[in-house]
Amino acid sequence: MLSSLTPHLPVLQVVVPLMAAPLCTLIGNRHLAWTIAFITALAAFVVSALLLGSVLDGSVISYHLGGWAPPWGIEYRIDAANAFVLFIVSLIGVLVLPYARQSIEHEFEASTHTYFYTCYLLCLTGLLGVAATGDAFNVFVFLEISSLATYALVAFGARRDKRALTAAYNYLIMGTIGATFFVIGIGFLYMVTGTLNMADLAVRLAEVGDTRVTRVAFVFILVGMGLKLAMFPLHLWLPNAYNYAPSAVTAFLAATATKVALYVLLRFTFTVFQFDFPVQELTFEYVVMPLALVAMFAASIAAVFQQDVKRLLAYSSIAQVGYMLLGVALLSEAGLTAGIIHLFNHAVTKGALFLAVGCFVYQIGSSRLGDLKGIGKTMPWTTAAFVAGGLSLIGVPLTVGFISKWYLIQASLQTGSLWIAGLIVASSLIAVVYVWRIVEVAYLEPAPEGRANKEAPLAMILPTYALVAASLYFGINSELTSSAASQAATALYSATDLASEGAAQ
Amino acid sequence: MSPELAITLTILLPASATVLLALMDKRPNLREAVSLITAGVLFFIVFGLFETVLDGARPAAHWFDVIPGLSLSFEIEPLGMLFGVVAAGLWIVTALYSIGYMRGNNEANQTRFYICFAIAISAAMGIAFAANMFTLFIFYEVLTLSTYPLVAHKETADARRGARTYLAILITTSIGFQLVAIIWTWVAAGTLDFEIGGILTDKIEPTLLPFLLALYAFGIGKAALMPFHRWLPAAMVAPTPVSALLHAVAVVKAGVFTMLKVGVYIFGIDLLSTTGAADWLMWLAAFSILAASIVAMTKDNLKARLAYSTISQLSYITLGMALATSLGVMGGAMHIAMHAMGKITLFMCAGAIYVATHKTEISDMDGLGRLMPFTYGAFFIGALSIIGLPPLGGAWSKWYLMLGAADTGQIAMMVVFMASSLLNIAYLLPVVARGFFMGNSVPMAHSLGAAAVHAKGMKAIREAPLWCVIPPCLTAFGCVLLFFYAGEIYTLIEPVAFPKGAAPS
């Protein structure tokens, strides 16, 4: 019976969480709702693992929704690139849920928990849908599903801190502008090609060539996605949203939402447009790369001066997005591989870090640096997990962060720019400063009188450690991630080749 | 025991001892027993390997690939064997000494101390036996991070500041320069394996070689080449056993050892001598030797003086490599062992003085030699070995370094070595002279009688606890032994220094 489901995996990936989401609210009981959500997320994870396994050899799965052949029907198209993204998103999705169940107990009323799970699953659906689909308008639809769910999820933090509401509102405005820009871009493309299927778009666009409309379309899509993925200086929504959202939400979003947006940008850049459109090359070289470099430094430096660990990590995320964009902007296969591998590695690392911070918040009710004095003695396990994540952020060997740095520096040296390699290491040294500020406070300051030696509950520690373990394991043996990333980069590139072949015919 | 297993054990044994150490937190006697037994077994294994390598074998072990093409693997060659046997041998002595020192001073957090110490030794073994630059770098970073808690051990504001400087400089140089150098080498040569004669011949523009060498030389911050030497004096806030083993032997020797490895196995002595890529390094090392010696003379704090002396002595080894001649390599390699034995003696004596009297400034130490004859005797012998007088080990390494300088016709370098020897006398012997010949004001335990002293409420000064005094006496004796067994080291190093079999006349 299971094998009969195999051909439908691409759509199951999205439909299962979509159907389960309203169930959580309808069923009304938060324990049952959690069980449903967890089973759903687990199923999504299994599906994504199966998908990744079947496309790692470089093959492509094309699924026609409702049996309608593309380009008329909606096509779900899975290759190594988006299978990898699906895998990351659903991995984080399933790991955060057990954690969320515990952490939201402290954060808002039990009566709203079922809504939380609904939003969570909708957000997951949206992110998975964006990654799975091969239809440009479908991307927009799922992007909106995930974004709307995200705004609500952020607003759940209002019980702990009212500022979550303004943060969510801010995010709503910025996110909507981003989505609008994106859909305008798609509109232009539809205008000149008459198609929305991405593979088809690639072929038609090659025929249309480099016109003013395609240029404008590309720039609209770039800016729209730039907002969603927090490309400097379009990142303003991010620090507050991450800071005031419930802990579990922050971890989930930090590890997935920006990554999926980046994937969309890559897909459009490399598959839909071919990156040798002159406007693209110029934009990447003279706009994206400088902005990425600025992000790496400005956001890292901003992180150094934060007083709240959650906020500090949020700024660090902006800097890390800079690394990914930098890899992509090198416009070489090695650079793209580096960007994609960092996408995974950073998801794992930042996920672990935000989960660890969530444990602090759960136990002592604050993530402010001043309140974390001596936390290394009262919560040794959580703090150790945090330090492991921090080391990965710095890029110490035997962590995933190191693998990312290695590939990035290698890619920049291969393109012959020693100065970019220098800037990469220089900015990652700033990470040492902001990570070590926390380490010193946690271990070398005495804990305040009367704080009990009490760890966070096991349900929160275990997911945190699962991600820490992943960030160490893939740092020691990067076989899987590096082959997946290079396969993904090849997939994005070869899609370009396919399109040009199609154009040649 | 197969050599492969033996190599793996040298790294895993100390690392796994940490678990036992942690379990014995509340039982100091058992804990110290674990530490001693581990040290003993480790030395036994390493010595077994030493015999094998002396016979010309090159035992190797391959663990696994971290990044495709880049593996964690080990192969023991003579230089690494020498470093390994020195570090493992002196660990036993230091383990004994730690017991005396840590208990004598009632230090806090002793379990953490022993755990970090064991990790550091494990890392030192990894550095010694690494088969490629990638493996070496990984253990190099582990060594940096595992020694940070040791430097910050006292958790005072001073310790924190010192540890911050320590970490900042070591991480900045290693990630900022060394990592870039390594990736550059990897991109250019396509391999990072250590091979006699180097891997860079014809792989990189000769004009770029000095630049790459600079990235390595400054990137290996542990070699304390000026201007990146500040971490070493800063590390002196650590308890003395740390200063003794790590900051006179394991950490700093890991630095200069890496420097030798880079010179011999990455660049190749021939490449360096034909291109003159290391000329600038020779002059810089010479400057470091003299400048650090002069600074040492101005220091009144005994440990600070020894630290600057170490900076100066480390540059001997860097200079030996930069001479780019076989005799220089021989002298540099020998100096690793000779200086280690001498300097650890001096540090342990400084620690013994501190335990017995709580004095740190040389000007306060007048007359102590008559009260602590064994400690001062050992100090005297260690000092003479550093100065390079026969019949002490230090004589031989200076002999070969001088020969190396003469061999390349660098008269200026010979002058530097001579001047430095004189400076050594000027800053080391006054300590001994003050101890034996100056000052009478200190109450003498044996003349007044212990009871009488206690009655007056004065603290009598006598030798430090037994386990603080025996180890330096052992290593002082070791300095003498090394003079007579230098031939063994020569035989060991010969295949590396003279790969073509061209022994000196």
# chains A, B, ... in the order shown; residues from 1 in each chain; ligands from 1
$ residues_around --residues "Leu90 (chain B)" --least-positions-apart "5" --cutoff "9 Å" --atoms "only C-alpha atoms" --output "list in words"
Val85, Ala95, Leu245, Val249, Ala340, Met341, Ile344 and Thr475 of chain B
$ write_last_selection --atoms "all heavy atoms" --output "compact mmCIF listing (two decimals), in the first residue's frame"
# COMPACT_ATOMS: atom_id res chain seq x y z
N VAL B 85 56.61 12.58 22.00
CA VAL B 85 57.26 11.94 23.14
C VAL B 85 57.60 12.98 24.20
O VAL B 85 57.49 12.72 25.41
CB VAL B 85 58.48 11.11 22.67
CG1 VAL B 85 59.72 11.94 22.55
CG2 VAL B 85 58.68 9.93 23.59
N ALA B 95 51.66 15.95 35.78
CA ALA B 95 50.53 15.38 36.52
C ALA B 95 50.89 15.24 38.00
O ALA B 95 50.09 15.55 38.88
CB ALA B 95 50.13 14.04 35.93
N LEU B 245 53.40 23.06 31.64
CA LEU B 245 53.27 22.08 30.56
C LEU B 245 52.76 22.71 29.28
O LEU B 245 53.27 22.47 28.20
CB LEU B 245 52.35 20.93 30.96
CG LEU B 245 52.30 19.85 29.88
CD1 LEU B 245 53.67 19.25 29.66
CD2 LEU B 245 51.33 18.76 30.20
N VAL B 249 55.53 23.90 27.02
CA VAL B 249 55.71 22.68 26.24
C VAL B 249 54.60 22.50 25.20
O VAL B 249 54.79 22.80 24.03
CB VAL B 249 55.79 21.44 27.15
CG1 VAL B 249 56.06 20.21 26.32
CG2 VAL B 249 56.90 21.63 28.17
N ALA B 340 62.00 22.56 25.94
CA ALA B 340 60.87 22.06 26.72
C ALA B 340 61.34 21.60 28.10
O ALA B 340 60.79 21.98 29.13
CB ALA B 340 60.18 20.90 25.99
N MET B 341 62.37 20.78 28.10
CA MET B 341 62.87 20.24 29.36
C MET B 341 63.37 21.35 30.28
O MET B 341 63.09 21.37 31.48
CB MET B 341 63.99 19.24 29.05
CG MET B 341 64.36 18.34 30.20
SD MET B 341 63.00 17.26 30.69
CE MET B 341 63.32 15.83 29.68
N ILE B 344 60.28 23.87 31.37
CA ILE B 344 59.31 23.30 32.31
C ILE B 344 59.92 23.26 33.70
O ILE B 344 59.24 23.49 34.70
CB ILE B 344 58.83 21.90 31.83
CG1 ILE B 344 57.50 21.55 32.53
CG2 ILE B 344 59.85 20.82 32.09
CD1 ILE B 344 56.86 20.29 32.00
N THR B 475 63.07 16.91 36.08
CA THR B 475 63.30 17.48 34.76
C THR B 475 64.69 18.12 34.69
O THR B 475 65.30 18.14 33.62
CB THR B 475 62.24 18.53 34.40
OG1 THR B 475 62.13 19.46 35.47
CG2 THR B 475 60.89 17.87 34.16
$ residues_around --residues "Ile11 (chain B)" --least-positions-apart "6" --cutoff "10 Å" --atoms "only C-alpha atoms" --output "list in words"
Leu42, Ala118, Ile119, Ile121, Ser122, Ala123, Ala124, Met125, Gly126, Ile127 and Phe129 of chain B
$ select_by_dssp --residues "region 103-240 of chain A" --states "alpha helix (DSSP H)" --output "NGL selection string"
:A and (103-107 or 113-132 or 136-155 or 163-193 or 198-208 or 212-228 or 237-240)
$ write_last_selection --atoms "C-alpha atoms" --output "tab-separated table (two decimals), in the first residue's frame"
chain	number	residue	atom	x	y	z
A	103	SER	CA	7.77	25.95	26.06
A	104	ILE	CA	4.41	27.45	25.14
A	105	GLU	CA	2.99	26.29	28.49
A	106	HIS	CA	4.72	29.30	30.02
A	107	GLU	CA	4.11	31.65	27.17
A	113	HIS	CA	-2.67	26.27	22.08
A	114	THR	CA	-4.78	24.59	19.42
A	115	TYR	CA	-4.62	27.78	17.34
A	116	PHE	CA	-0.90	27.77	17.77
A	117	TYR	CA	-0.58	24.28	16.34
A	118	THR	CA	-2.84	25.23	13.44
A	119	CYS	CA	-0.69	28.23	12.62
A	120	TYR	CA	2.43	26.17	13.02
A	121	LEU	CA	1.24	23.54	10.58
A	122	LEU	CA	0.05	26.19	8.13
A	123	CYS	CA	3.42	27.84	8.28
A	124	LEU	CA	5.06	24.48	7.68
A	125	THR	CA	2.68	23.81	4.78
A	126	GLY	CA	3.50	27.14	3.21
A	127	LEU	CA	7.24	26.68	3.49
A	128	LEU	CA	7.12	23.16	2.12
A	129	GLY	CA	4.79	24.25	-0.67
A	130	VAL	CA	7.09	27.09	-1.73
A	131	ALA	CA	9.94	24.65	-1.98
A	132	ALA	CA	8.09	21.83	-3.67
A	136	ALA	CA	5.73	30.56	-10.06
A	137	PHE	CA	2.28	31.70	-8.97
A	138	ASN	CA	1.98	28.73	-6.67
A	139	VAL	CA	5.15	29.94	-5.00
A	140	PHE	CA	3.41	33.20	-4.24
A	141	VAL	CA	0.34	31.44	-2.85
A	142	PHE	CA	2.33	29.27	-0.49
A	143	LEU	CA	4.54	32.16	0.44
A	144	GLU	CA	1.46	34.03	1.59
A	145	ILE	CA	0.16	31.01	3.49
A	146	SER	CA	3.41	30.69	5.38
A	147	SER	CA	3.78	34.43	5.90
A	148	LEU	CA	0.27	34.97	7.26
A	149	ALA	CA	0.74	32.05	9.60
A	150	THR	CA	4.08	33.50	10.65
A	151	TYR	CA	2.60	36.90	11.54
A	152	ALA	CA	0.14	35.15	13.79
A	153	LEU	CA	2.86	32.99	15.31
A	154	VAL	CA	4.97	36.01	16.15
A	155	ALA	CA	1.96	37.71	17.71
A	163	ARG	CA	5.85	44.47	21.86
A	164	ALA	CA	5.33	41.21	20.00
A	165	LEU	CA	2.23	42.81	18.53
A	166	THR	CA	4.08	45.72	16.97
A	167	ALA	CA	6.79	43.34	15.85
A	168	ALA	CA	4.23	41.13	14.15
A	169	TYR	CA	2.54	44.17	12.61
A	170	ASN	CA	5.82	45.46	11.33
A	171	TYR	CA	6.60	42.10	9.88
A	172	LEU	CA	3.16	41.98	8.31
A	173	ILE	CA	3.69	45.29	6.52
A	174	MET	CA	7.20	44.51	5.35
A	175	GLY	CA	6.36	40.94	4.44
A	176	THR	CA	3.36	42.05	2.43
A	177	ILE	CA	5.42	44.60	0.56
A	178	GLY	CA	7.88	41.84	-0.21
A	179	ALA	CA	5.18	39.48	-1.41
A	180	THR	CA	3.67	42.24	-3.52
A	181	PHE	CA	6.96	43.00	-5.18
A	182	PHE	CA	7.36	39.33	-5.85
A	183	VAL	CA	3.95	38.97	-7.43
A	184	ILE	CA	4.52	42.08	-9.53
A	185	GLY	CA	7.67	40.49	-10.81
A	186	ILE	CA	5.78	37.33	-11.67
A	187	GLY	CA	3.14	39.45	-13.38
A	188	PHE	CA	5.75	40.97	-15.66
A	189	LEU	CA	7.05	37.55	-16.50
A	190	TYR	CA	3.57	36.30	-17.27
A	191	MET	CA	3.06	39.35	-19.43
A	192	VAL	CA	5.98	38.61	-21.71
A	193	THR	CA	5.81	34.82	-21.70
A	198	MET	CA	9.03	27.74	-13.99
A	199	ALA	CA	10.64	25.26	-16.34
A	200	ASP	CA	8.55	26.61	-19.15
A	201	LEU	CA	9.32	30.18	-18.12
A	202	ALA	CA	13.00	29.41	-18.45
A	203	VAL	CA	12.56	28.29	-22.04
A	204	ARG	CA	10.32	31.22	-23.00
A	205	LEU	CA	12.49	33.78	-21.27
A	206	ALA	CA	15.47	32.60	-23.23
A	207	GLU	CA	13.48	33.35	-26.36
A	208	VAL	CA	12.36	36.74	-25.11
A	212	ARG	CA	13.46	45.97	-20.18
A	213	VAL	CA	10.47	44.01	-18.90
A	214	THR	CA	12.50	40.97	-17.91
A	215	ARG	CA	15.01	43.20	-16.20
A	216	VAL	CA	12.32	44.91	-14.20
A	217	ALA	CA	10.75	41.57	-13.39
A	218	PHE	CA	14.03	40.26	-12.07
A	219	VAL	CA	14.66	43.28	-9.92
A	220	PHE	CA	11.15	43.15	-8.45
A	221	ILE	CA	11.61	39.50	-7.57
A	222	LEU	CA	15.02	40.18	-6.09
A	223	VAL	CA	13.74	42.96	-3.87
A	224	GLY	CA	10.63	41.01	-2.89
A	225	MET	CA	12.63	38.00	-1.86
A	226	GLY	CA	15.30	40.24	-0.38
A	227	LEU	CA	12.69	41.45	2.08
A	228	LYS	CA	11.62	37.93	2.94
A	237	TRP	CA	11.53	43.45	10.47
A	238	LEU	CA	13.73	40.63	11.64
A	239	PRO	CA	15.29	41.60	15.00
A	240	ASN	CA	11.99	42.47	16.64
$ interface_residues --of "chain B" --to "chain A" --cutoff "9 Å" --atoms "only C-alpha atoms" --output "JSON, numbers by chain"
{"B": [64, 65, 66, 67, 68, 137, 138, 139, 141, 142, 152, 155, 156, 160, 164, 168, 171, 172, 175, 176, 177, 179, 180, 183, 184, 186, 187, 188]}
$ closest_residue --among "B:Thr94, B:Thr325, B:Thr240, B:Thr144" --to "Ala497 (chain B)" --atoms "only C-alpha atoms"
B:Thr325
$ residues_around --residues "Ala44 (chain A)" --least-positions-apart "5" --cutoff "10 Å" --atoms "only C-alpha atoms" --output "VMD selection string"
chain A and resid 9 12 to 17 38 to 39 49 to 50 86 to 87 89 to 91 93 to 94 124 to 125 128
$ residues_around --residues "Ser363 (chain B)" --least-positions-apart "4" --cutoff "12 Å" --atoms "only C-alpha atoms" --output "list in words"
Thr298, Lys299, Asp300, Asn301, Leu302, Lys359, Gly367, Leu368, Pro430, Val431, Val432, Ala433, Arg434, Gly435, Met438 and Gly439 of chain B
$ closest_residue --among "B:Gly219, B:Leu21, B:Pro206, B:Asp193" --to "Gly276 (chain B)" --atoms "only C-alpha atoms"
B:Pro206
$ residues_around --residues "Tyr242 (chain A)" --least-positions-apart "6" --cutoff "9 Å" --atoms "only C-alpha atoms" --output "VMD selection string"
chain A and resid 154 167 249 to 251 253 to 254 310 to 311 313 to 314
$ atom_distance --atom1 "CA of Asp55 (chain B)" --atom2 "CA of Val496 (chain B)"
13.7 Å
$ residues_around --residues "Gly255 (chain B)" --least-positions-apart "2" --cutoff "8 Å" --atoms "only C-alpha atoms" --output "list in words"
Ile220, Gly221, Lys222, Ala223, Ala224, Val251, Val252, Lys253, Phe257, Thr258 and Met259 of chain B
$ write_last_selection --atoms "N, CA, C and O atoms" --output "PDB file, in the first residue's frame"
ATOM      1  N   ILE B 220      50.138  30.880  12.683  1.00  0.00           N
ATOM      2  CA  ILE B 220      50.485  29.955  13.757  1.00  0.00           C
ATOM      3  C   ILE B 220      50.808  30.800  14.982  1.00  0.00           C
ATOM      4  O   ILE B 220      51.961  30.946  15.380  1.00  0.00           O
ATOM      5  N   GLY B 221      49.779  31.352  15.557  1.00  0.00           N
ATOM      6  CA  GLY B 221      49.962  32.277  16.682  1.00  0.00           C
ATOM      7  C   GLY B 221      50.641  31.614  17.858  1.00  0.00           C
ATOM      8  O   GLY B 221      51.289  32.280  18.669  1.00  0.00           O
ATOM      9  N   LYS B 222      50.491  30.300  17.961  1.00  0.00           N
ATOM     10  CA  LYS B 222      51.075  29.607  19.113  1.00  0.00           C
ATOM     11  C   LYS B 222      52.589  29.653  19.089  1.00  0.00           C
ATOM     12  O   LYS B 222      53.228  29.374  20.093  1.00  0.00           O
ATOM     13  N   ALA B 223      53.192  29.961  17.930  1.00  0.00           N
ATOM     14  CA  ALA B 223      54.638  30.086  17.888  1.00  0.00           C
ATOM     15  C   ALA B 223      55.088  31.424  18.458  1.00  0.00           C
ATOM     16  O   ALA B 223      56.280  31.664  18.598  1.00  0.00           O
ATOM     17  N   ALA B 224      54.119  32.296  18.796  1.00  0.00           N
ATOM     18  CA  ALA B 224      54.397  33.563  19.483  1.00  0.00           C
ATOM     19  C   ALA B 224      55.423  34.422  18.771  1.00  0.00           C
ATOM     20  O   ALA B 224      56.249  35.074  19.395  1.00  0.00           O
ATOM     21  N   VAL B 251      51.466  23.752  24.200  1.00  0.00           N
ATOM     22  CA  VAL B 251      50.861  24.755  23.314  1.00  0.00           C
ATOM     23  C   VAL B 251      51.912  25.449  22.461  1.00  0.00           C
ATOM     24  O   VAL B 251      51.811  25.487  21.234  1.00  0.00           O
ATOM     25  N   VAL B 252      52.924  25.991  23.102  1.00  0.00           N
ATOM     26  CA  VAL B 252      53.903  26.753  22.324  1.00  0.00           C
ATOM     27  C   VAL B 252      54.700  25.843  21.410  1.00  0.00           C
ATOM     28  O   VAL B 252      55.023  26.199  20.280  1.00  0.00           O
ATOM     29  N   LYS B 253      54.989  24.644  21.890  1.00  0.00           N
ATOM     30  CA  LYS B 253      55.742  23.733  21.027  1.00  0.00           C
ATOM     31  C   LYS B 253      54.864  23.265  19.876  1.00  0.00           C
ATOM     32  O   LYS B 253      55.355  23.013  18.774  1.00  0.00           O
ATOM     33  N   PHE B 257      56.298  23.622  16.324  1.00  0.00           N
ATOM     34  CA  PHE B 257      56.278  22.342  15.601  1.00  0.00           C
ATOM     35  C   PHE B 257      55.519  22.503  14.285  1.00  0.00           C
ATOM     36  O   PHE B 257      55.979  22.060  13.228  1.00  0.00           O
ATOM     37  N   THR B 258      54.366  23.171  14.359  1.00  0.00           N
ATOM     38  CA  THR B 258      53.602  23.423  13.135  1.00  0.00           C
ATOM     39  C   THR B 258      54.437  24.242  12.159  1.00  0.00           C
ATOM     40  O   THR B 258      54.427  23.998  10.952  1.00  0.00           O
ATOM     41  N   MET B 259      55.146  25.211  12.699  1.00  0.00           N
ATOM     42  CA  MET B 259      56.010  26.049  11.864  1.00  0.00           C
ATOM     43  C   MET B 259      57.027  25.173  11.127  1.00  0.00           C
ATOM     44  O   MET B 259      57.225  25.313   9.911  1.00  0.00           O
TER      45      MET B 259
END
$ select_by_dssp --residues "region 52-182 of chain A" --states "strand (DSSP E)" --output "PyMOL selection string"
chain A and resi 61-64+75-78
$ residues_around --residues "Glu281 (chain A)" --least-positions-apart "4" --cutoff "10 Å" --atoms "only C-alpha atoms" --output "number ranges by chain"
A: 269, 274-277, 285-288, 329-331
$ write_last_selection --atoms "N, CA and C atoms" --output "mmCIF file, in the first residue's frame"
data_model
loop_
_atom_site.group_PDB
_atom_site.id
_atom_site.type_symbol
_atom_site.label_atom_id
_atom_site.label_comp_id
_atom_site.auth_asym_id
_atom_site.auth_seq_id
_atom_site.Cartn_x
_atom_site.Cartn_y
_atom_site.Cartn_z
ATOM 1 N N THR A 269 16.850 32.917 -9.900
ATOM 2 C CA THR A 269 18.075 33.422 -10.505
ATOM 3 C C THR A 269 18.684 32.414 -11.462
ATOM 4 N N GLN A 274 18.312 32.901 -16.655
ATOM 5 C CA GLN A 274 19.614 32.261 -16.589
ATOM 6 C C GLN A 274 20.577 33.317 -16.126
ATOM 7 N N PHE A 275 21.434 32.879 -15.232
ATOM 8 C CA PHE A 275 22.185 33.910 -14.537
ATOM 9 C C PHE A 275 23.112 34.677 -15.466
ATOM 10 N N ASP A 276 23.193 34.264 -16.746
ATOM 11 C CA ASP A 276 24.067 35.043 -17.617
ATOM 12 C C ASP A 276 23.343 36.212 -18.282
ATOM 13 N N PHE A 277 22.079 36.445 -17.887
ATOM 14 C CA PHE A 277 21.460 37.720 -18.271
ATOM 15 C C PHE A 277 22.347 38.827 -17.736
ATOM 16 N N GLU A 285 26.941 41.274 -8.900
ATOM 17 C CA GLU A 285 28.301 41.727 -8.653
ATOM 18 C C GLU A 285 28.334 43.068 -7.932
ATOM 19 N N TYR A 286 27.445 43.983 -8.342
ATOM 20 C CA TYR A 286 27.558 45.340 -7.808
ATOM 21 C C TYR A 286 26.522 45.688 -6.752
ATOM 22 N N VAL A 287 25.508 44.858 -6.588
ATOM 23 C CA VAL A 287 24.525 45.167 -5.546
ATOM 24 C C VAL A 287 24.514 44.089 -4.476
ATOM 25 N N VAL A 288 24.287 42.857 -4.894
ATOM 26 C CA VAL A 288 24.120 41.812 -3.878
ATOM 27 C C VAL A 288 25.415 41.557 -3.124
ATOM 28 N N ALA A 329 26.606 35.095 -4.787
ATOM 29 C CA ALA A 329 27.020 36.214 -5.637
ATOM 30 C C ALA A 329 28.384 35.979 -6.264
ATOM 31 N N LEU A 330 29.101 34.967 -5.822
ATOM 32 C CA LEU A 330 30.359 34.651 -6.499
ATOM 33 C C LEU A 330 30.086 34.112 -7.897
ATOM 34 N N LEU A 331 28.821 33.724 -8.129
ATOM 35 C CA LEU A 331 28.380 33.260 -9.443
ATOM 36 C C LEU A 331 29.275 32.166 -9.998
#
$ closest_residue --among "B:Ala120, B:Ala352, B:Ala235, B:Leu346" --to "Ala250 (chain B)" --atoms "only C-alpha atoms"
B:Ala120
$ closest_residue --among "B:Leu403, B:Ala395, B:Ile387, B:Met330" --to "Leu79 (chain B)" --atoms "only C-alpha atoms"
B:Met330
$ decode --residues "region 139-151 of chain A" --atoms "C-alpha atoms" --output "PDB file, in the first residue's frame"
ATOM      1  CA  VAL A 139       5.154  29.944  -4.998  1.00  0.00           C
ATOM      2  CA  PHE A 140       3.411  33.196  -4.239  1.00  0.00           C
ATOM      3  CA  VAL A 141       0.341  31.442  -2.847  1.00  0.00           C
ATOM      4  CA  PHE A 142       2.330  29.273  -0.493  1.00  0.00           C
ATOM      5  CA  LEU A 143       4.540  32.163   0.443  1.00  0.00           C
ATOM      6  CA  GLU A 144       1.458  34.033   1.586  1.00  0.00           C
ATOM      7  CA  ILE A 145       0.160  31.010   3.493  1.00  0.00           C
ATOM      8  CA  SER A 146       3.409  30.690   5.379  1.00  0.00           C
ATOM      9  CA  SER A 147       3.779  34.428   5.904  1.00  0.00           C
ATOM     10  CA  LEU A 148       0.272  34.972   7.257  1.00  0.00           C
ATOM     11  CA  ALA A 149       0.740  32.055   9.601  1.00  0.00           C
ATOM     12  CA  THR A 150       4.083  33.503  10.655  1.00  0.00           C
ATOM     13  CA  TYR A 151       2.600  36.901  11.539  1.00  0.00           C
TER      14      TYR A 151
END
